[in-house]
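Source file: entry34.pdb; contents: PDB, N, CA and C atoms, pLDDT in the B column.
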ATOM      1  N   PHE A 195      -0.948  -1.940   5.383  1.00 78.00           N
ATOM      2  CA  PHE A 195      -2.281  -2.453   5.194  1.00 78.00           C
ATOM      3  C   PHE A 195      -2.722  -3.159   6.465  1.00 78.00           C
ATOM      4  N   LYS A 196      -3.907  -2.846   6.933  1.00 85.00           N
ATOM      5  CA  LYS A 196      -4.432  -3.447   8.156  1.00 85.00           C
ATOM      6  C   LYS A 196      -5.684  -4.262   7.829  1.00 85.00           C
ATOM      7  N   ALA A 197      -6.053  -5.152   8.729  1.00 86.00           N
ATOM      8  CA  ALA A 197      -7.203  -6.030   8.524  1.00 86.00           C
ATOM      9  C   ALA A 197      -8.527  -5.270   8.470  1.00 86.00           C
ATOM     10  N   ASN A 198      -8.593  -4.070   9.027  1.00 90.00           N
ATOM     11  CA  ASN A 198      -9.842  -3.302   9.036  1.00 90.00           C
ATOM     12  C   ASN A 198     -10.012  -2.429   7.789  1.00 90.00           C
ATOM     13  N   SER A 199      -9.346  -2.788   6.691  1.00 89.00           N
ATOM     14  CA  SER A 199      -9.425  -2.079   5.403  1.00 89.00           C
ATOM     15  C   SER A 199      -8.883  -0.661   5.459  1.00 89.00           C
ATOM     16  N   SER A 200      -7.911  -0.421   6.320  1.00 88.00           N
ATOM     17  CA  SER A 200      -7.257   0.880   6.364  1.00 88.00           C
ATOM     18  C   SER A 200      -5.751   0.670   6.241  1.00 88.00           C
ATOM     19  N   GLY A 201      -5.047   1.741   5.985  1.00 85.00           N
ATOM     20  CA  GLY A 201      -3.605   1.653   5.869  1.00 85.00           C
ATOM     21  C   GLY A 201      -2.994   3.023   6.010  1.00 85.00           C
ATOM     22  N   GLU A 202      -1.674   3.051   5.985  1.00 83.00           N
ATOM     23  CA  GLU A 202      -0.956   4.314   6.095  1.00 83.00           C
ATOM     24  C   GLU A 202       0.271   4.255   5.202  1.00 83.00           C
ATOM     25  N   GLU A 203       0.424   5.284   4.383  1.00 79.00           N
ATOM     26  CA  GLU A 203       1.598   5.411   3.520  1.00 79.00           C
ATOM     27  C   GLU A 203       2.502   6.463   4.138  1.00 79.00           C
ATOM     28  N   SER A 204       3.790   6.141   4.240  1.00 78.00           N
ATOM     29  CA  SER A 204       4.725   7.101   4.804  1.00 78.00           C
ATOM     30  C   SER A 204       6.120   6.824   4.274  1.00 78.00           C
ATOM     31  N   THR A 205       6.998   7.771   4.504  1.00 76.00           N
ATOM     32  CA  THR A 205       8.392   7.637   4.135  1.00 76.00           C
ATOM     33  C   THR A 205       9.195   7.594   5.419  1.00 76.00           C
ATOM     34  N   ARG A 206       9.941   6.523   5.604  1.00 72.00           N
ATOM     35  CA  ARG A 206      10.773   6.406   6.807  1.00 72.00           C
ATOM     36  C   ARG A 206      12.160   6.931   6.490  1.00 72.00           C
ATOM     37  N   ILE A 207      12.665   7.773   7.351  1.00 71.00           N
ATOM     38  CA  ILE A 207      13.971   8.379   7.158  1.00 71.00           C
ATOM     39  C   ILE A 207      15.026   7.441   7.726  1.00 71.00           C
ATOM     40  N   LEU A 208      16.023   7.104   6.901  1.00 71.00           N
ATOM     41  CA  LEU A 208      17.080   6.203   7.340  1.00 71.00           C
ATOM     42  C   LEU A 208      17.810   6.768   8.543  1.00 71.00           C
ATOM     43  N   SER A 209      18.268   5.906   9.408  1.00 72.00           N
ATOM     44  CA  SER A 209      19.009   6.225  10.631  1.00 72.00           C
ATOM     45  C   SER A 209      18.198   7.111  11.583  1.00 72.00           C
ATOM     46  N   SER A 210      16.877   7.056  11.456  1.00 71.00           N
ATOM     47  CA  SER A 210      16.008   7.823  12.339  1.00 71.00           C
ATOM     48  C   SER A 210      14.699   7.077  12.485  1.00 71.00           C
ATOM     49  N   GLY A 211      14.080   7.187  13.630  1.00 70.00           N
ATOM     50  CA  GLY A 211      12.789   6.545  13.849  1.00 70.00           C
ATOM     51  C   GLY A 211      11.625   7.389  13.371  1.00 70.00           C
ATOM     52  N   LYS A 212      11.916   8.566  12.824  1.00 75.00           N
ATOM     53  CA  LYS A 212      10.858   9.479  12.401  1.00 75.00           C
ATOM     54  C   LYS A 212      10.253   9.066  11.062  1.00 75.00           C
ATOM     55  N   VAL A 213       8.988   9.408  10.901  1.00 74.00           N
ATOM     56  CA  VAL A 213       8.260   9.134   9.664  1.00 74.00           C
ATOM     57  C   VAL A 213       7.862  10.469   9.053  1.00 74.00           C
ATOM     58  N   ALA A 214       8.003  10.577   7.732  1.00 75.00           N
ATOM     59  CA  ALA A 214       7.635  11.811   7.034  1.00 75.00           C
ATOM     60  C   ALA A 214       6.517  11.515   6.032  1.00 75.00           C
ATOM     61  N   ASN A 215       5.733  12.514   5.719  1.00 77.00           N
ATOM     62  CA  ASN A 215       4.681  12.436   4.700  1.00 77.00           C
ATOM     63  C   ASN A 215       3.665  11.331   4.987  1.00 77.00           C
ATOM     64  N   ALA A 216       3.227  11.199   6.222  1.00 80.00           N
ATOM     65  CA  ALA A 216       2.239  10.177   6.569  1.00 80.00           C
ATOM     66  C   ALA A 216       0.893  10.511   5.933  1.00 80.00           C
ATOM     67  N   LYS A 217       0.281   9.516   5.302  1.00 84.00           N
ATOM     68  CA  LYS A 217      -1.016   9.700   4.653  1.00 84.00           C
ATOM     69  C   LYS A 217      -1.855   8.456   4.930  1.00 84.00           C
ATOM     70  N   LYS A 218      -3.004   8.617   5.575  1.00 86.00           N
ATOM     71  CA  LYS A 218      -3.876   7.492   5.901  1.00 86.00           C
ATOM     72  C   LYS A 218      -4.898   7.301   4.783  1.00 86.00           C
ATOM     73  N   PHE A 219      -5.300   6.040   4.580  1.00 89.00           N
ATOM     74  CA  PHE A 219      -6.239   5.721   3.507  1.00 89.00           C
ATOM     75  C   PHE A 219      -7.051   4.477   3.857  1.00 89.00           C
ATOM     76  N   TYR A 220      -8.119   4.259   3.093  1.00 92.00           N
ATOM     77  CA  TYR A 220      -8.887   3.016   3.131  1.00 92.00           C
ATOM     78  C   TYR A 220      -8.579   2.270   1.844  1.00 92.00           C
ATOM     79  N   TYR A 221      -8.810   0.959   1.846  1.00 91.00           N
ATOM     80  CA  TYR A 221      -8.607   0.183   0.621  1.00 91.00           C
ATOM     81  C   TYR A 221      -9.675  -0.894   0.487  1.00 91.00           C
ATOM     82  N   LYS A 222      -9.869  -1.325  -0.748  1.00 92.00           N
ATOM     83  CA  LYS A 222     -10.748  -2.453  -1.062  1.00 92.00           C
ATOM     84  C   LYS A 222      -9.987  -3.361  -2.008  1.00 92.00           C
ATOM     85  N   PHE A 223     -10.058  -4.656  -1.758  1.00 91.00           N
ATOM     86  CA  PHE A 223      -9.352  -5.639  -2.581  1.00 91.00           C
ATOM     87  C   PHE A 223     -10.342  -6.713  -2.976  1.00 91.00           C
ATOM     88  N   ASN A 224     -10.504  -6.950  -4.298  1.00 89.00           N
ATOM     89  CA  ASN A 224     -11.464  -7.936  -4.767  1.00 89.00           C
ATOM     90  C   ASN A 224     -10.803  -9.183  -5.358  1.00 89.00           C
ATOM     91  N   GLY A 225      -9.506  -9.350  -5.156  1.00 87.00           N
ATOM     92  CA  GLY A 225      -8.786 -10.494  -5.688  1.00 87.00           C
ATOM     93  C   GLY A 225      -7.996 -10.171  -6.940  1.00 87.00           C
ATOM     94  N   GLU A 226      -8.441  -9.179  -7.699  1.00 91.00           N
ATOM     95  CA  GLU A 226      -7.747  -8.757  -8.923  1.00 91.00           C
ATOM     96  C   GLU A 226      -7.319  -7.299  -8.871  1.00 91.00           C
ATOM     97  N   MET A 227      -8.136  -6.462  -8.259  1.00 93.00           N
ATOM     98  CA  MET A 227      -7.880  -5.020  -8.205  1.00 93.00           C
ATOM     99  C   MET A 227      -7.759  -4.561  -6.757  1.00 93.00           C
ATOM    100  N   LEU A 228      -6.851  -3.611  -6.537  1.00 91.00           N
ATOM    101  CA  LEU A 228      -6.699  -2.955  -5.247  1.00 91.00           C
ATOM    102  C   LEU A 228      -7.112  -1.506  -5.452  1.00 91.00           C
ATOM    103  N   LEU A 229      -8.164  -1.084  -4.760  1.00 92.00           N
ATOM    104  CA  LEU A 229      -8.673   0.275  -4.871  1.00 92.00           C
ATOM    105  C   LEU A 229      -8.290   1.039  -3.610  1.00 92.00           C
ATOM    106  N   VAL A 230      -7.687   2.210  -3.759  1.00 90.00           N
ATOM    107  CA  VAL A 230      -7.260   3.037  -2.637  1.00 90.00           C
ATOM    108  C   VAL A 230      -8.198   4.226  -2.548  1.00 90.00           C
ATOM    109  N   LEU A 231      -8.768   4.429  -1.353  1.00 92.00           N
ATOM    110  CA  LEU A 231      -9.733   5.491  -1.118  1.00 92.00           C
ATOM    111  C   LEU A 231      -9.157   6.520  -0.151  1.00 92.00           C
ATOM    112  N   ASP A 232      -9.450   7.789  -0.382  1.00 87.00           N
ATOM    113  CA  ASP A 232      -9.044   8.856   0.518  1.00 87.00           C
ATOM    114  C   ASP A 232      -9.740   8.664   1.861  1.00 87.00           C
ATOM    115  N   LYS A 233      -9.015   8.814   2.950  1.00 86.00           N
ATOM    116  CA  LYS A 233      -9.567   8.562   4.292  1.00 86.00           C
ATOM    117  C   LYS A 233     -10.702   9.528   4.636  1.00 86.00           C
ATOM    118  N   LYS A 234     -10.569  10.805   4.292  1.00 86.00           N
ATOM    119  CA  LYS A 234     -11.583  11.789   4.671  1.00 86.00           C
ATOM    120  C   LYS A 234     -12.815  11.721   3.780  1.00 86.00           C
ATOM    121  N   SER A 235     -12.630  11.812   2.480  1.00 87.00           N
ATOM    122  CA  SER A 235     -13.770  11.875   1.560  1.00 87.00           C
ATOM    123  C   SER A 235     -14.232  10.510   1.082  1.00 87.00           C
ATOM    124  N   GLN A 236     -13.426   9.478   1.268  1.00 85.00           N
ATOM    125  CA  GLN A 236     -13.682   8.116   0.811  1.00 85.00           C
ATOM    126  C   GLN A 236     -13.944   8.042  -0.695  1.00 85.00           C
ATOM    127  N   THR A 237     -13.291   8.944  -1.451  1.00 90.00           N
ATOM    128  CA  THR A 237     -13.352   8.886  -2.907  1.00 90.00           C
ATOM    129  C   THR A 237     -12.152   8.101  -3.414  1.00 90.00           C
ATOM    130  N   LEU A 238     -12.291   7.518  -4.587  1.00 91.00           N
ATOM    131  CA  LEU A 238     -11.233   6.712  -5.190  1.00 91.00           C
ATOM    132  C   LEU A 238     -10.053   7.597  -5.560  1.00 91.00           C
ATOM    133  N   SER A 239      -8.871   7.283  -5.020  1.00 88.00           N
ATOM    134  CA  SER A 239      -7.690   8.070  -5.351  1.00 88.00           C
ATOM    135  C   SER A 239      -6.749   7.316  -6.281  1.00 88.00           C
ATOM    136  N   ASP A 240      -6.666   5.988  -6.179  1.00 88.00           N
ATOM    137  CA  ASP A 240      -5.818   5.177  -7.045  1.00 88.00           C
ATOM    138  C   ASP A 240      -6.434   3.796  -7.229  1.00 88.00           C
ATOM    139  N   SER A 241      -6.104   3.170  -8.344  1.00 92.00           N
ATOM    140  CA  SER A 241      -6.506   1.781  -8.561  1.00 92.00           C
ATOM    141  C   SER A 241      -5.319   1.021  -9.140  1.00 92.00           C
ATOM    142  N   TYR A 242      -5.137  -0.195  -8.660  1.00 92.00           N
ATOM    143  CA  TYR A 242      -3.993  -1.010  -9.041  1.00 92.00           C
ATOM    144  C   TYR A 242      -4.429  -2.408  -9.450  1.00 92.00           C
ATOM    145  N   ILE A 243      -3.723  -2.989 -10.410  1.00 94.00           N
ATOM    146  CA  ILE A 243      -3.910  -4.385 -10.795  1.00 94.00           C
ATOM    147  C   ILE A 243      -2.922  -5.200  -9.972  1.00 94.00           C
ATOM    148  N   VAL A 244      -3.400  -6.235  -9.301  1.00 94.00           N
ATOM    149  CA  VAL A 244      -2.549  -7.055  -8.438  1.00 94.00           C
ATOM    150  C   VAL A 244      -1.896  -8.138  -9.288  1.00 94.00           C
ATOM    151  N   ASP A 245      -0.567  -8.080  -9.396  1.00 93.00           N
ATOM    152  CA  ASP A 245       0.195  -9.061 -10.158  1.00 93.00           C
ATOM    153  C   ASP A 245       0.558 -10.273  -9.303  1.00 93.00           C
ATOM    154  N   LYS A 246       0.862 -10.040  -8.028  1.00 92.00           N
ATOM    155  CA  LYS A 246       1.217 -11.126  -7.119  1.00 92.00           C
ATOM    156  C   LYS A 246       0.763 -10.753  -5.721  1.00 92.00           C
ATOM    157  N   PHE A 247       0.122 -11.715  -5.041  1.00 90.00           N
ATOM    158  CA  PHE A 247      -0.333 -11.511  -3.674  1.00 90.00           C
ATOM    159  C   PHE A 247       0.052 -12.742  -2.872  1.00 90.00           C
ATOM    160  N   ALA A 248       1.016 -12.601  -1.959  1.00 90.00           N
ATOM    161  CA  ALA A 248       1.482 -13.712  -1.139  1.00 90.00           C
ATOM    162  C   ALA A 248       1.614 -13.228   0.301  1.00 90.00           C
ATOM    163  N   ALA A 249       1.886 -14.145   1.211  1.00 86.00           N
ATOM    164  CA  ALA A 249       2.000 -13.800   2.632  1.00 86.00           C
ATOM    165  C   ALA A 249       3.139 -12.826   2.900  1.00 86.00           C
ATOM    166  N   ASP A 250       4.195 -12.877   2.086  1.00 88.00           N
ATOM    167  CA  ASP A 250       5.352 -12.021   2.337  1.00 88.00           C
ATOM    168  C   ASP A 250       5.592 -10.962   1.276  1.00 88.00           C
ATOM    169  N   SER A 251       4.755 -10.887   0.248  1.00 90.00           N
ATOM    170  CA  SER A 251       4.986  -9.886  -0.803  1.00 90.00           C
ATOM    171  C   SER A 251       3.699  -9.514  -1.535  1.00 90.00           C
ATOM    172  N   LEU A 252       3.731  -8.322  -2.129  1.00 89.00           N
ATOM    173  CA  LEU A 252       2.632  -7.802  -2.929  1.00 89.00           C
ATOM    174  C   LEU A 252       3.239  -7.037  -4.096  1.00 89.00           C
ATOM    175  N   VAL A 253       2.835  -7.389  -5.316  1.00 93.00           N
ATOM    176  CA  VAL A 253       3.301  -6.700  -6.515  1.00 93.00           C
ATOM    177  C   VAL A 253       2.072  -6.140  -7.218  1.00 93.00           C
ATOM    178  N   ILE A 254       2.046  -4.820  -7.413  1.00 92.00           N
ATOM    179  CA  ILE A 254       0.901  -4.168  -8.044  1.00 92.00           C
ATOM    180  C   ILE A 254       1.364  -3.254  -9.168  1.00 92.00           C
ATOM    181  N   SER A 255       0.491  -3.082 -10.164  1.00 94.00           N
ATOM    182  CA  SER A 255       0.734  -2.162 -11.271  1.00 94.00           C
ATOM    183  C   SER A 255      -0.380  -1.134 -11.289  1.00 94.00           C
ATOM    184  N   ASN A 256      -0.037   0.111 -11.556  1.00 91.00           N
ATOM    185  CA  ASN A 256      -1.023   1.172 -11.632  1.00 91.00           C
ATOM    186  C   ASN A 256      -1.948   0.899 -12.813  1.00 91.00           C
ATOM    187  N   ALA A 257      -3.267   0.915 -12.575  1.00 88.00           N
ATOM    188  CA  ALA A 257      -4.235   0.594 -13.624  1.00 88.00           C
ATOM    189  C   ALA A 257      -4.188   1.594 -14.778  1.00 88.00           C
ATOM    190  N   SER A 258      -3.906   2.876 -14.477  1.00 88.00           N
ATOM    191  CA  SER A 258      -3.871   3.878 -15.545  1.00 88.00           C
ATOM    192  C   SER A 258      -2.494   3.990 -16.196  1.00 88.00           C
ATOM    193  N   ARG A 259      -1.448   3.513 -15.527  1.00 87.00           N
ATOM    194  CA  ARG A 259      -0.083   3.524 -16.061  1.00 87.00           C
ATOM    195  C   ARG A 259       0.558   2.161 -15.787  1.00 87.00           C
ATOM    196  N   PRO A 260       0.309   1.145 -16.627  1.00 79.00           N
ATOM    197  CA  PRO A 260       0.790  -0.210 -16.362  1.00 79.00           C
ATOM    198  C   PRO A 260       2.299  -0.336 -16.211  1.00 79.00           C
ATOM    199  N   CYS A 261       3.062   0.621 -16.732  1.00 87.00           N
ATOM    200  CA  CYS A 261       4.518   0.543 -16.604  1.00 87.00           C
ATOM    201  C   CYS A 261       4.984   0.906 -15.192  1.00 87.00           C
ATOM    202  N   GLU A 262       4.097   1.470 -14.379  1.00 89.00           N
ATOM    203  CA  GLU A 262       4.441   1.827 -13.002  1.00 89.00           C
ATOM    204  C   GLU A 262       4.080   0.657 -12.088  1.00 89.00           C
ATOM    205  N   THR A 263       5.102  -0.037 -11.603  1.00 92.00           N
ATOM    206  CA  THR A 263       4.911  -1.209 -10.754  1.00 92.00           C
ATOM    207  C   THR A 263       5.502  -0.939  -9.380  1.00 92.00           C
ATOM    208  N   ARG A 264       4.788  -1.363  -8.349  1.00 89.00           N
ATOM    209  CA  ARG A 264       5.267  -1.227  -6.975  1.00 89.00           C
ATOM    210  C   ARG A 264       5.387  -2.611  -6.362  1.00 89.00           C
ATOM    211  N   ILE A 265       6.458  -2.811  -5.616  1.00 88.00           N
ATOM    212  CA  ILE A 265       6.716  -4.092  -4.968  1.00 88.00           C
ATOM    213  C   ILE A 265       6.820  -3.844  -3.468  1.00 88.00           C
ATOM    214  N   PHE A 266       5.999  -4.562  -2.694  1.00 84.00           N
ATOM    215  CA  PHE A 266       6.032  -4.490  -1.239  1.00 84.00           C
ATOM    216  C   PHE A 266       6.484  -5.840  -0.710  1.00 84.00           C
ATOM    217  N   VAL A 267       7.477  -5.828   0.169  1.00 85.00           N
ATOM    218  CA  VAL A 267       8.004  -7.064   0.743  1.00 85.00           C
ATOM    219  C   VAL A 267       8.004  -6.922   2.254  1.00 85.00           C
ATOM    220  N   LYS A 268       7.519  -7.946   2.945  1.00 80.00           N
ATOM    221  CA  LYS A 268       7.514  -7.935   4.401  1.00 80.00           C
ATOM    222  C   LYS A 268       8.936  -8.155   4.899  1.00 80.00           C
ATOM    223  N   ILE A 269       9.388  -7.278   5.778  1.00 75.00           N
ATOM    224  CA  ILE A 269      10.726  -7.364   6.333  1.00 75.00           C
ATOM    225  C   ILE A 269      10.617  -7.850   7.764  1.00 75.00           C
ATOM    226  N   ASN A 270      11.353  -8.895   8.084  1.00 73.00           N
ATOM    227  CA  ASN A 270      11.361  -9.429   9.435  1.00 73.00           C
ATOM    228  C   ASN A 270      12.147  -8.474  10.326  1.00 73.00           C
ATOM    229  N   GLN A 271      11.522  -7.971  11.373  1.00 64.00           N
ATOM    230  CA  GLN A 271      12.168  -6.985  12.229  1.00 64.00           C
ATOM    231  C   GLN A 271      12.897  -7.625  13.402  1.00 64.00           C
ATOM    232  N   GLY A 272      12.932  -8.947  13.445  1.00 61.00           N
ATOM    233  CA  GLY A 272      13.648  -9.619  14.520  1.00 61.00           C
ATOM    234  C   GLY A 272      15.153  -9.441  14.375  1.00 61.00           C
ATOM    235  N   GLY A 273      15.868  -9.542  15.473  1.00 54.00           N
ATOM    236  CA  GLY A 273      17.316  -9.387  15.445  1.00 54.00           C
ATOM    237  C   GLY A 273      17.998 -10.611  14.856  1.00 54.00           C
ATOM    238  N   PRO A 274      19.314 -10.554  14.666  1.00 58.00           N
ATOM    239  CA  PRO A 274      20.041 -11.695  14.113  1.00 58.00           C
ATOM    240  C   PRO A 274      20.007 -12.878  15.080  1.00 58.00           C
ATOM    241  N   ASN A 275      19.949 -14.053  14.493  1.00 54.00           N
ATOM    242  CA  ASN A 275      19.873 -15.280  15.311  1.00 54.00           C
ATOM    243  C   ASN A 275      21.237 -15.847  15.537  1.00 54.00           C
TER     244      ASN A 275
END
Can you give me the file's structure in the form of structure tokens?
Amino acid sequence: FKANSSGEESTRILSSGKVANAKKFYYKFNGEMLLVLDKKSQTLSDSYIVDKFAADSLVISNASRPCETRIFVKINQGGPN
């Protein structure tokens, strides 16, 4: 997620710097709902209910399937201290 209301979803392959299945999108967040828009057509592709929004984590549930929950956690990429 970027500050300019865009983002990119991808799958990172372990033990490799390569990214697979990259998909760019736009998003809108109103404090309760996260709406994901297709980058090309700007049509609504997904909508999520935001369960938790913090500086280091985001927990969302799919609005059409509440049992589907996604958890995003910021990982510090700095080396060991």
When the PyMOL selection byres (((chain A and resi 255 and name CA) around 8) and name CA) is applied to the file above, which residues end up in the set, as a PyMOL selection string? chain A and resi 242-245+253-254+256-257+259-264
Report the distance between atom N of Ala248 of chain A and atom CA of Val230 of chain A in Å, rounded to one decimal place. 17.7 Å
Residues near Lys217 of chain A, anyone? I mean within 8 Å using all atoms listed in the file, not counting same-chain ones fewer than 3 positions away, as a PyMOL selection string. chain A and resi 201-205+214+220+233
Between atom N of Asn198 of chain A and atom N of Tyr221 of chain A, measure the distance and give it in Å to one decimal. 8.8 Å
For the file shown, report as a PyMOL selection string the outcome of the PyMOL selection byres (((chain A and resi 236 and name CA) around 12) and name CA) at residue level. chain A and resi 199-200+218-222+229-235+237-240
Return as lines of an AutoDock Vina configuration file the centre and edge lengths, in Å with one decimal, of the box along x, y and z that encloses every atom of segment 254-264 of chain A in the file, padded by 3 Å per side.
center_x = 0.6
center_y = -0.4
center_z = -11.5
size_x = 15.7
size_y = 14.8
size_z = 16.4
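Going from atom C of Ile269 of chain A over to atom CA of Leu228 of chain A, you cover 22.2 Å.
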